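S.K.: Please see the structure below; I have some questions.
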Amino acid sequence: MTPGYSRSVPQMIIMDVDTGIDDSLALLYLLASPEAEIAGIAATAGNVPAAQVAANNLAWLDVCRAPQIEVALGAAEPLAIPLRTTEDTHGPQGVGYAELPPSARRLSERSAARLWVDLVREHPGEIVGLCTGPLTNLALALRIEPRLPQLLGRLVIMGGAFNHPGNTTPTNEWNVHVDPEAAKEVFDAFSAAPADRRPLVCALDITETIEMRPEHVALLAERAGSTPIELVSAADGPEMRSAASNPIIRYFTDAVRFYFDFHLQYDQGYLAHMHDPFAAAIALDPGLAITKPATVDVELAGTITRATTVADWAGMWGREPNADIVIGTDPQEFFERMISRVGDFARAVYPESPGRSR
Ligand code: RIB
Ligand code: CA
């Protein structure tokens, strides 16, 4: 059964993340969305090592005073090549300048791949998978359970770049760059998905139109009733920390400011591309996207093009489409949803009057 986005019961979601500053906001977005039920979180190595990804998610669950949610550790390395991480992009621990209190929550006993396999077998057709990191653990899950494309309700992937420059090499995007073999195995396997349940792919073509600016962070703080309202700027030094009274706002402000600095350093302006929370919004409401079907494959052998995602829009390869690529959206609508949801959530989690919460 295709997951009914207008269902009266919450949509079960598996998050597979490499948290990560924007992965962090994807988690906040889903925690803040009553129509979402996070069935489990797979910690995938990418922005930072898998163990740090797992620790970041456990810590965010504490900050959000969230109920028990399973966090499963993923493979330490990609399928075929050594792990490459990017602390220069996401900070030494993957959450920018934020210093999240370590969590006492326990990691799942099972691996990230087992989490995928067990959950889709338990809830056939019911779960939406959201991948906002490399596809290593989903590929490992597919090797265990080849029926996964039929057992999963829908797959949403943040990854790739099609008619758009890469962000890691001139033609490839970070999540695919880290583990191109896994990306190819996933796209090949999902060629078997029913036409109405092809993976929804949020590539850089669309996610680089989702430009968070300091004003968005200020609006988020205001919606949360947090004080003071801070307008971060490039003039803030790396040692600066938010004084926001609401901890969710405080830690997110510290996290995203690092991302603003990174984008400015690479001449993109004092902004931050919100790749992963956009994909999370699509996972909850594909109606936010205009999509176009294509057959996607991943270059593995190219010397300068390895890990490039290629979309055959016109059927030149004679292969059925295996992806619905997001080619249009309304960024303003996304930011309105994100600010209202996460702002109201932060206010509800910390109803203490404005002034510094513990
Ligand atoms: O290329 C952007 C993607 O790579 C995002 O998911 C970001 O978090 C990193 O994982
Ligand atoms: Ca990510």
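The way I read the labels, and the way they are meant: chains A, B, ... in the order of the structure tokens, residue 1 as the first residue of every chain, and ligand 1 as the first ligand shown, with later ones counted on from there.
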Can you list, as a PyMOL selection string, every protein, DNA or RNA residue that comes within 12 Å of Ala112 of chain A when you count only C-alpha atoms, leaving out same-chain residues fewer than 4 positions away?
M.R.: chain A and resi 14-17+40-45+50-51+53-54+70-76+107-108+116-119+135-142+144
S.K.: Could you save the residues just selected, with N, CA and C atoms, as an mmCIF file, in the first residue's frame?
M.R.:
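Writing done, so here's again-v3.cif:
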data_model
loop_
_atom_site.group_PDB
_atom_site.id
_atom_site.type_symbol
_atom_site.label_atom_id
_atom_site.label_comp_id
_atom_site.auth_asym_id
_atom_site.auth_seq_id
_atom_site.Cartn_x
_atom_site.Cartn_y
_atom_site.Cartn_z
ATOM 1 N N ILE A 14 11.793 5.849 8.384
ATOM 2 C CA ILE A 14 13.168 5.496 8.764
ATOM 3 C C ILE A 14 14.051 6.639 8.266
ATOM 4 N N MET A 15 14.794 7.237 9.189
ATOM 5 C CA MET A 15 15.779 8.258 8.798
ATOM 6 C C MET A 15 17.138 7.595 8.700
ATOM 7 N N ASP A 16 17.807 7.811 7.564
ATOM 8 C CA ASP A 16 19.184 7.308 7.406
ATOM 9 C C ASP A 16 20.045 8.550 7.144
ATOM 10 N N VAL A 17 20.844 8.916 8.114
ATOM 11 C CA VAL A 17 21.430 10.265 8.159
ATOM 12 C C VAL A 17 22.943 10.226 8.374
ATOM 13 N N GLY A 40 12.846 4.706 13.292
ATOM 14 C CA GLY A 40 14.232 4.406 13.646
ATOM 15 C C GLY A 40 15.168 5.326 12.881
ATOM 16 N N ILE A 41 16.364 5.487 13.433
ATOM 17 C CA ILE A 41 17.387 6.342 12.829
ATOM 18 C C ILE A 41 18.623 5.488 12.567
ATOM 19 N N ALA A 42 19.062 5.466 11.303
ATOM 20 C CA ALA A 42 20.275 4.744 10.915
ATOM 21 C C ALA A 42 21.407 5.761 10.826
ATOM 22 N N ALA A 43 22.461 5.520 11.580
ATOM 23 C CA ALA A 43 23.592 6.450 11.622
ATOM 24 C C ALA A 43 24.629 6.017 10.598
ATOM 25 N N THR A 44 24.749 6.801 9.535
ATOM 26 C CA THR A 44 25.632 6.450 8.424
ATOM 27 C C THR A 44 26.860 7.343 8.417
ATOM 28 N N ALA A 45 27.997 6.758 8.178
ATOM 29 C CA ALA A 45 29.245 7.519 8.084
ATOM 30 C C ALA A 45 29.202 8.422 6.853
ATOM 31 N N ALA A 50 30.503 7.238 11.651
ATOM 32 C CA ALA A 50 29.191 6.737 12.043
ATOM 33 C C ALA A 50 28.941 6.873 13.545
ATOM 34 N N ALA A 51 29.950 6.602 14.353
ATOM 35 C CA ALA A 51 29.750 6.684 15.808
ATOM 36 C C ALA A 51 29.406 8.109 16.228
ATOM 37 N N VAL A 53 27.944 10.342 14.257
ATOM 38 C CA VAL A 53 26.587 10.555 13.745
ATOM 39 C C VAL A 53 25.573 10.034 14.756
ATOM 40 N N ALA A 54 25.826 8.825 15.249
ATOM 41 C CA ALA A 54 24.911 8.228 16.230
ATOM 42 C C ALA A 54 24.858 9.082 17.492
ATOM 43 N N GLU A 70 14.821 4.554 18.397
ATOM 44 C CA GLU A 70 15.973 3.683 18.150
ATOM 45 C C GLU A 70 16.981 4.365 17.230
ATOM 46 N N VAL A 71 18.237 4.358 17.653
ATOM 47 C CA VAL A 71 19.334 4.853 16.811
ATOM 48 C C VAL A 71 20.300 3.698 16.615
ATOM 49 N N ALA A 72 20.512 3.304 15.357
ATOM 50 C CA ALA A 72 21.334 2.125 15.056
ATOM 51 C C ALA A 72 22.609 2.544 14.335
ATOM 52 N N LEU A 73 23.692 1.936 14.734
ATOM 53 C CA LEU A 73 24.998 2.299 14.179
ATOM 54 C C LEU A 73 25.203 1.650 12.812
ATOM 55 N N GLY A 74 25.657 2.430 11.876
ATOM 56 C CA GLY A 74 25.921 1.926 10.526
ATOM 57 C C GLY A 74 27.353 1.467 10.350
ATOM 58 N N ALA A 75 27.646 1.024 9.139
ATOM 59 C CA ALA A 75 28.982 0.517 8.815
ATOM 60 C C ALA A 75 30.016 1.625 9.011
ATOM 61 N N ALA A 76 31.214 1.214 9.386
ATOM 62 C CA ALA A 76 32.274 2.213 9.626
ATOM 63 C C ALA A 76 32.801 2.792 8.313
ATOM 64 N N LEU A 107 22.610 3.078 22.346
ATOM 65 C CA LEU A 107 22.493 2.724 20.933
ATOM 66 C C LEU A 107 21.723 1.412 20.792
ATOM 67 N N SER A 108 21.068 1.228 19.645
ATOM 68 C CA SER A 108 20.386 -0.040 19.367
ATOM 69 C C SER A 108 21.388 -1.192 19.356
ATOM 70 N N TRP A 116 16.874 -1.399 8.955
ATOM 71 C CA TRP A 116 16.110 -1.276 7.704
ATOM 72 C C TRP A 116 15.338 -2.568 7.424
ATOM 73 N N VAL A 117 16.060 -3.678 7.419
ATOM 74 C CA VAL A 117 15.443 -4.947 6.994
ATOM 75 C C VAL A 117 14.316 -5.356 7.933
ATOM 76 N N ASP A 118 14.582 -5.295 9.232
ATOM 77 C CA ASP A 118 13.559 -5.739 10.197
ATOM 78 C C ASP A 118 12.315 -4.862 10.132
ATOM 79 N N LEU A 119 12.507 -3.550 10.020
ATOM 80 C CA LEU A 119 11.338 -2.651 10.049
ATOM 81 C C LEU A 119 10.478 -2.797 8.788
ATOM 82 N N LEU A 135 24.595 6.209 0.924
ATOM 83 C CA LEU A 135 23.597 5.127 0.880
ATOM 84 C C LEU A 135 24.180 3.776 1.304
ATOM 85 N N THR A 136 25.269 3.809 2.006
ATOM 86 C CA THR A 136 25.982 2.603 2.415
ATOM 87 C C THR A 136 25.075 1.597 3.118
ATOM 88 N N ASN A 137 24.337 2.045 4.134
ATOM 89 C CA ASN A 137 23.575 1.097 4.956
ATOM 90 C C ASN A 137 22.304 0.632 4.256
ATOM 91 N N LEU A 138 21.746 1.468 3.395
ATOM 92 C CA LEU A 138 20.611 1.011 2.611
ATOM 93 C C LEU A 138 21.072 -0.047 1.610
ATOM 94 N N ALA A 139 22.238 0.148 1.030
ATOM 95 C CA ALA A 139 22.773 -0.854 0.106
ATOM 96 C C ALA A 139 23.038 -2.164 0.838
ATOM 97 N N LEU A 140 23.580 -2.083 2.048
ATOM 98 C CA LEU A 140 23.811 -3.311 2.832
ATOM 99 C C LEU A 140 22.495 -3.996 3.170
ATOM 100 N N ALA A 141 21.475 -3.187 3.451
ATOM 101 C CA ALA A 141 20.154 -3.764 3.738
ATOM 102 C C ALA A 141 19.580 -4.456 2.505
ATOM 103 N N LEU A 142 19.780 -3.862 1.341
ATOM 104 C CA LEU A 142 19.296 -4.477 0.094
ATOM 105 C C LEU A 142 20.003 -5.803 -0.175
ATOM 106 N N ILE A 144 20.901 -7.851 2.123
ATOM 107 C CA ILE A 144 20.284 -8.825 3.026
ATOM 108 C C ILE A 144 18.876 -9.168 2.543
#
S.K.: Which residues of chain A come within 7 Å of ligand 2, and for each one, what is the closest pair of atoms and their distance in Å to one decimal, counting only C-alpha atoms and all ligand atoms, sorted by chain and residue number, as JSON lines?
M.R.:
{"residue": "A:Val17", "atom": "CA", "partner": "ligand 2", "partner_atom_place_in_ligand_line": "1 (Ca)", "distance": 5.7}
{"residue": "A:Asp18", "atom": "CA", "partner": "ligand 2", "partner_atom_place_in_ligand_line": "1 (Ca)", "distance": 4.9}
{"residue": "A:Thr19", "atom": "CA", "partner": "ligand 2", "partner_atom_place_in_ligand_line": "1 (Ca)", "distance": 5.8}
{"residue": "A:Gly20", "atom": "CA", "partner": "ligand 2", "partner_atom_place_in_ligand_line": "1 (Ca)", "distance": 5.6}
{"residue": "A:Asp22", "atom": "CA", "partner": "ligand 2", "partner_atom_place_in_ligand_line": "1 (Ca)", "distance": 6.3}
{"residue": "A:Asp23", "atom": "CA", "partner": "ligand 2", "partner_atom_place_in_ligand_line": "1 (Ca)", "distance": 4.9}
{"residue": "A:Asn47", "atom": "CA", "partner": "ligand 2", "partner_atom_place_in_ligand_line": "1 (Ca)", "distance": 6.9}
{"residue": "A:Thr132", "atom": "CA", "partner": "ligand 2", "partner_atom_place_in_ligand_line": "1 (Ca)", "distance": 4.4}
{"residue": "A:Gly133", "atom": "CA", "partner": "ligand 2", "partner_atom_place_in_ligand_line": "1 (Ca)", "distance": 4.2}
{"residue": "A:Asp276", "atom": "CA", "partner": "ligand 2", "partner_atom_place_in_ligand_line": "1 (Ca)", "distance": 6.0}
S.K.: Just C-alpha atoms for this one: save the residues we selected as a PDB file, in the first residue's frame.
M.R.:
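Output file again11.pdb is given in full below:
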ATOM      1  CA  VAL A  17      21.430  10.265   8.159  1.00  0.00           C
ATOM      2  CA  ASP A  18      25.052  11.446   8.400  1.00  0.00           C
ATOM      3  CA  THR A  19      24.354  14.168  10.992  1.00  0.00           C
ATOM      4  CA  GLY A  20      25.474  16.794   9.990  1.00  0.00           C
ATOM      5  CA  ASP A  22      21.320  20.057   7.894  1.00  0.00           C
ATOM      6  CA  ASP A  23      20.608  16.469   8.932  1.00  0.00           C
ATOM      7  CA  ASN A  47      29.931  14.127   7.206  1.00  0.00           C
ATOM      8  CA  THR A 132      20.084  12.243   3.801  1.00  0.00           C
ATOM      9  CA  GLY A 133      23.580  10.754   3.845  1.00  0.00           C
ATOM     10  CA  ASP A 276      18.170  17.504   4.268  1.00  0.00           C
TER      11      ASP A 276
END
S.K.: Identify, counting only C-alpha atoms and all ligand atoms, the protein, DNA and RNA residues located within 10 Å of ligand 1, and give them as JSON, numbers by chain.
M.R.: {"A": [17, 18, 19, 20, 21, 22, 23, 24, 25, 26, 44, 45, 46, 47, 48, 85, 86, 89, 90, 94, 131, 132, 133, 134, 157, 158, 159, 160, 161, 166, 167, 168, 172, 173, 174, 175, 176, 177, 178, 202, 203, 204, 207, 208, 273, 274, 275, 276, 277, 279]}
S.K.: Give me the segment 99-208 of chain A side of the contact with segment 309-323 of chain A, cut-off 6 Å, one line per residue showing its nearest atom pair and distance in Å at one decimal, counting only C-alpha atoms, sorted by chain and residue number, as a tab-separated table.
M.R.:
residue	atom	partner	partner_atom	distance
A:Gly160	CA	A:Thr309	CA	5.5
A:Ser191	CA	A:Asn322	CA	4.5
A:Arg198	CA	A:Ala323	CA	5.0
A:Pro199	CA	A:Ala323	CA	5.0
S.K.: Just to confirm, what's the straight-line distance from atom CA of Ile81 of chain A to atom CA of Pro180 of chain A in Å (one decimal)?
M.R.: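 Atom-to-atom, atom CA of Ile81 of chain A to atom CA of Pro180 of chain A, that is 9.1 Å.
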S.K.: Nearest to Gly328 of chain A among A:Pro67, A:Gly343, A:Gly125, A:Gly287, with distances taken over only C-alpha atoms: which residue is it?
M.R.: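 Once distances to Gly328 of chain A are computed over only C-alpha atoms, the minimum belongs to A:Gly287.
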S.K.: Between atom CA of Tyr259 of chain A and atom CA of His164 of chain A, what is the distance, to one decimal in Å?
M.R.: 20.8 Å
S.K.: Which residues, written as a list of chain:residue names, have at least one atom at most 10 Å from Leu219 of chain A, with only C-alpha atoms counted and residues fewer than 5 positions away on the same chain left out?
M.R.: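 Near neighbours after the sequence-gap exclusion: A:Pro214, A:Ala224, A:Gly225, A:Ile229, A:Glu230, A:Leu231, A:Phe335, A:Glu336, A:Ile339, A:Ser340, A:Gly343.
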S.K.: Would you put the residues from that selection into a file with N, CA and C atoms, as a PDB file, in the first residue's frame?
M.R.:
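Saved result, result-v8.pdb, follows:
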ATOM      1  N   PRO A 214      20.263  34.222   7.823  1.00  0.00           N
ATOM      2  CA  PRO A 214      20.126  34.554   9.245  1.00  0.00           C
ATOM      3  C   PRO A 214      18.721  34.982   9.645  1.00  0.00           C
ATOM      4  N   ALA A 224       9.549  30.510  18.432  1.00  0.00           N
ATOM      5  CA  ALA A 224       9.730  29.641  19.609  1.00  0.00           C
ATOM      6  C   ALA A 224       9.587  30.401  20.918  1.00  0.00           C
ATOM      7  N   GLY A 225       9.488  31.741  20.836  1.00  0.00           N
ATOM      8  CA  GLY A 225       9.402  32.539  22.071  1.00  0.00           C
ATOM      9  C   GLY A 225      10.731  32.594  22.789  1.00  0.00           C
ATOM     10  N   ILE A 229      16.356  37.534  20.458  1.00  0.00           N
ATOM     11  CA  ILE A 229      16.341  37.181  19.035  1.00  0.00           C
ATOM     12  C   ILE A 229      17.689  37.602  18.469  1.00  0.00           C
ATOM     13  N   GLU A 230      18.447  36.673  17.940  1.00  0.00           N
ATOM     14  CA  GLU A 230      19.804  36.962  17.478  1.00  0.00           C
ATOM     15  C   GLU A 230      19.858  36.943  15.959  1.00  0.00           C
ATOM     16  N   LEU A 231      20.501  37.953  15.380  1.00  0.00           N
ATOM     17  CA  LEU A 231      20.728  37.948  13.929  1.00  0.00           C
ATOM     18  C   LEU A 231      22.206  37.656  13.712  1.00  0.00           C
ATOM     19  N   PHE A 335      10.133  27.091   3.944  1.00  0.00           N
ATOM     20  CA  PHE A 335      10.584  27.829   5.127  1.00  0.00           C
ATOM     21  C   PHE A 335       9.412  28.163   6.055  1.00  0.00           C
ATOM     22  N   GLU A 336       8.251  28.466   5.475  1.00  0.00           N
ATOM     23  CA  GLU A 336       7.086  28.732   6.333  1.00  0.00           C
ATOM     24  C   GLU A 336       6.720  27.483   7.140  1.00  0.00           C
ATOM     25  N   ILE A 339       9.637  26.848   9.815  1.00  0.00           N
ATOM     26  CA  ILE A 339       9.645  27.803  10.930  1.00  0.00           C
ATOM     27  C   ILE A 339       8.438  27.592  11.845  1.00  0.00           C
ATOM     28  N   SER A 340       7.284  27.375  11.259  1.00  0.00           N
ATOM     29  CA  SER A 340       6.098  27.203  12.117  1.00  0.00           C
ATOM     30  C   SER A 340       6.180  25.884  12.898  1.00  0.00           C
ATOM     31  N   GLY A 343       9.486  25.952  15.234  1.00  0.00           N
ATOM     32  CA  GLY A 343       9.318  27.009  16.237  1.00  0.00           C
ATOM     33  C   GLY A 343       8.277  26.641  17.283  1.00  0.00           C
TER      34      GLY A 343
END
S.K.: Figure out the distance between atom CA of Ile325 of chain A and atom CA of Ile290 of chain A, please, to one decimal in Å.
M.R.: 8.3 Å
S.K.: If we count only C-alpha atoms and set the cut-off at 9 Å, which residues sit around Arg154 of chain A, ignoring sequence neighbours fewer than 5 positions away in its own chain? Please answer as a list in words.
M.R.: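 Selected residues are Thr2, Pro3, Gly125, Glu126, Ile127, Val128, Gly129, Leu130, Pro149, Ala193, Arg197, Arg198, Pro199, Leu200 and Ala283 of chain A.
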S.K.: Hey, what does DSSP flag as strand (DSSP E or B) within segment 18-147 of chain A? Can you give it to me as a ChimeraX atom specification?
M.R.: /A:36-43,71-73,128-131
S.K.: Could you tell me which of A:Ala113, A:Ala183, A:Ala294, A:Ala195 comes closest to Arg306 of chain A if we count only C-alpha atoms?
M.R.: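 Checking each of A:Ala113, A:Ala183, A:Ala294, A:Ala195 against Arg306 of chain A, counting only C-alpha atoms, the winner is A:Ala183.
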S.K.: Determine, counting only C-alpha atoms, which protein, DNA and RNA residues have an atom within 7 Å of an atom of Ala272 of chain A; residues of the same chain fewer than 5 positions away are not included. Present the result as a PDB file with N, CA and C atoms, in the first residue's frame.
M.R.:
ATOM      1  N   GLU A 211      17.707  28.190   0.392  1.00  0.00           N
ATOM      2  CA  GLU A 211      18.797  28.984   0.969  1.00  0.00           C
ATOM      3  C   GLU A 211      18.382  29.572   2.312  1.00  0.00           C
ATOM      4  N   MET A 212      18.866  28.958   3.402  1.00  0.00           N
ATOM      5  CA  MET A 212      18.571  29.528   4.719  1.00  0.00           C
ATOM      6  C   MET A 212      19.459  30.750   4.937  1.00  0.00           C
ATOM      7  N   ARG A 213      18.868  31.785   5.472  1.00  0.00           N
ATOM      8  CA  ARG A 213      19.612  32.999   5.794  1.00  0.00           C
ATOM      9  C   ARG A 213      19.432  33.325   7.271  1.00  0.00           C
ATOM     10  N   TYR A 259      27.700  26.546   9.307  1.00  0.00           N
ATOM     11  CA  TYR A 259      27.323  26.284   7.900  1.00  0.00           C
ATOM     12  C   TYR A 259      27.277  27.605   7.107  1.00  0.00           C
ATOM     13  N   PHE A 260      26.787  28.676   7.740  1.00  0.00           N
ATOM     14  CA  PHE A 260      26.802  30.000   7.091  1.00  0.00           C
ATOM     15  C   PHE A 260      28.249  30.380   6.781  1.00  0.00           C
ATOM     16  N   HIS A 263      29.607  28.334   3.824  1.00  0.00           N
ATOM     17  CA  HIS A 263      29.111  28.741   2.500  1.00  0.00           C
ATOM     18  C   HIS A 263      29.740  30.074   2.084  1.00  0.00           C
TER      19      HIS A 263
END
S.K.: Nearest to Ala32 of chain A: which of A:Asp88, A:Ala66, A:Val186, A:Glu222 is it, counting only C-alpha atoms?
M.R.: A:Ala66
S.K.: Skip Ser233 of chain A itself and residues of its chain fewer than 5 positions away, then list as an MDAnalysis selection string all residues within 12 Å of it, counting only C-alpha atoms.
M.R.: chainID A and resid 213:215 217:218 238 240 242 253:254 256:261 264 269:271
S.K.: Pull C-alpha atoms from the residues just selected and write them as a PDB file, in the first residue's frame.
M.R.:
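Saved result, again22.pdb, follows:
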ATOM      1  CA  ARG A 213      19.612  32.999   5.794  1.00  0.00           C
ATOM      2  CA  PRO A 214      20.126  34.554   9.245  1.00  0.00           C
ATOM      3  CA  GLU A 215      16.667  36.086   9.042  1.00  0.00           C
ATOM      4  CA  VAL A 217      16.970  31.685  12.165  1.00  0.00           C
ATOM      5  CA  ALA A 218      15.700  34.875  13.807  1.00  0.00           C
ATOM      6  CA  PRO A 238      34.091  31.121  15.847  1.00  0.00           C
ATOM      7  CA  MET A 240      30.757  33.146  19.752  1.00  0.00           C
ATOM      8  CA  SER A 242      24.177  31.744  21.061  1.00  0.00           C
ATOM      9  CA  THR A 253      21.857  28.572  16.001  1.00  0.00           C
ATOM     10  CA  ASP A 254      25.365  27.463  16.992  1.00  0.00           C
ATOM     11  CA  VAL A 256      23.918  26.530  11.483  1.00  0.00           C
ATOM     12  CA  ARG A 257      26.252  29.506  12.007  1.00  0.00           C
ATOM     13  CA  PHE A 258      29.155  27.188  11.146  1.00  0.00           C
ATOM     14  CA  TYR A 259      27.323  26.284   7.900  1.00  0.00           C
ATOM     15  CA  PHE A 260      26.802  30.000   7.091  1.00  0.00           C
ATOM     16  CA  ASP A 261      30.552  30.560   7.587  1.00  0.00           C
ATOM     17  CA  LEU A 264      30.555  32.269   2.735  1.00  0.00           C
ATOM     18  CA  GLY A 269      27.069  34.083   0.292  1.00  0.00           C
ATOM     19  CA  TYR A 270      26.252  34.132   4.004  1.00  0.00           C
ATOM     20  CA  LEU A 271      23.618  31.449   3.683  1.00  0.00           C
TER      21      LEU A 271
END
S.K.: Where in segment 125-290 of chain A does DSSP assign helix (DSSP H, G or I), given as an NGL selection string?
M.R.: :A and (136-144 or 148-151 or 174-178 or 180-192 or 195-197 or 204-207 or 214-224 or 247-265 or 275-284 or 286-288)
S.K.: At a cut-off of 6 Å, using only C-alpha atoms, what residues contact Met12 of chain A? Leave out same-chain residues fewer than 3 positions from it and give the result as a list in words.
M.R.: Glu37, Ile38, Ala39 and Ile127 of chain A
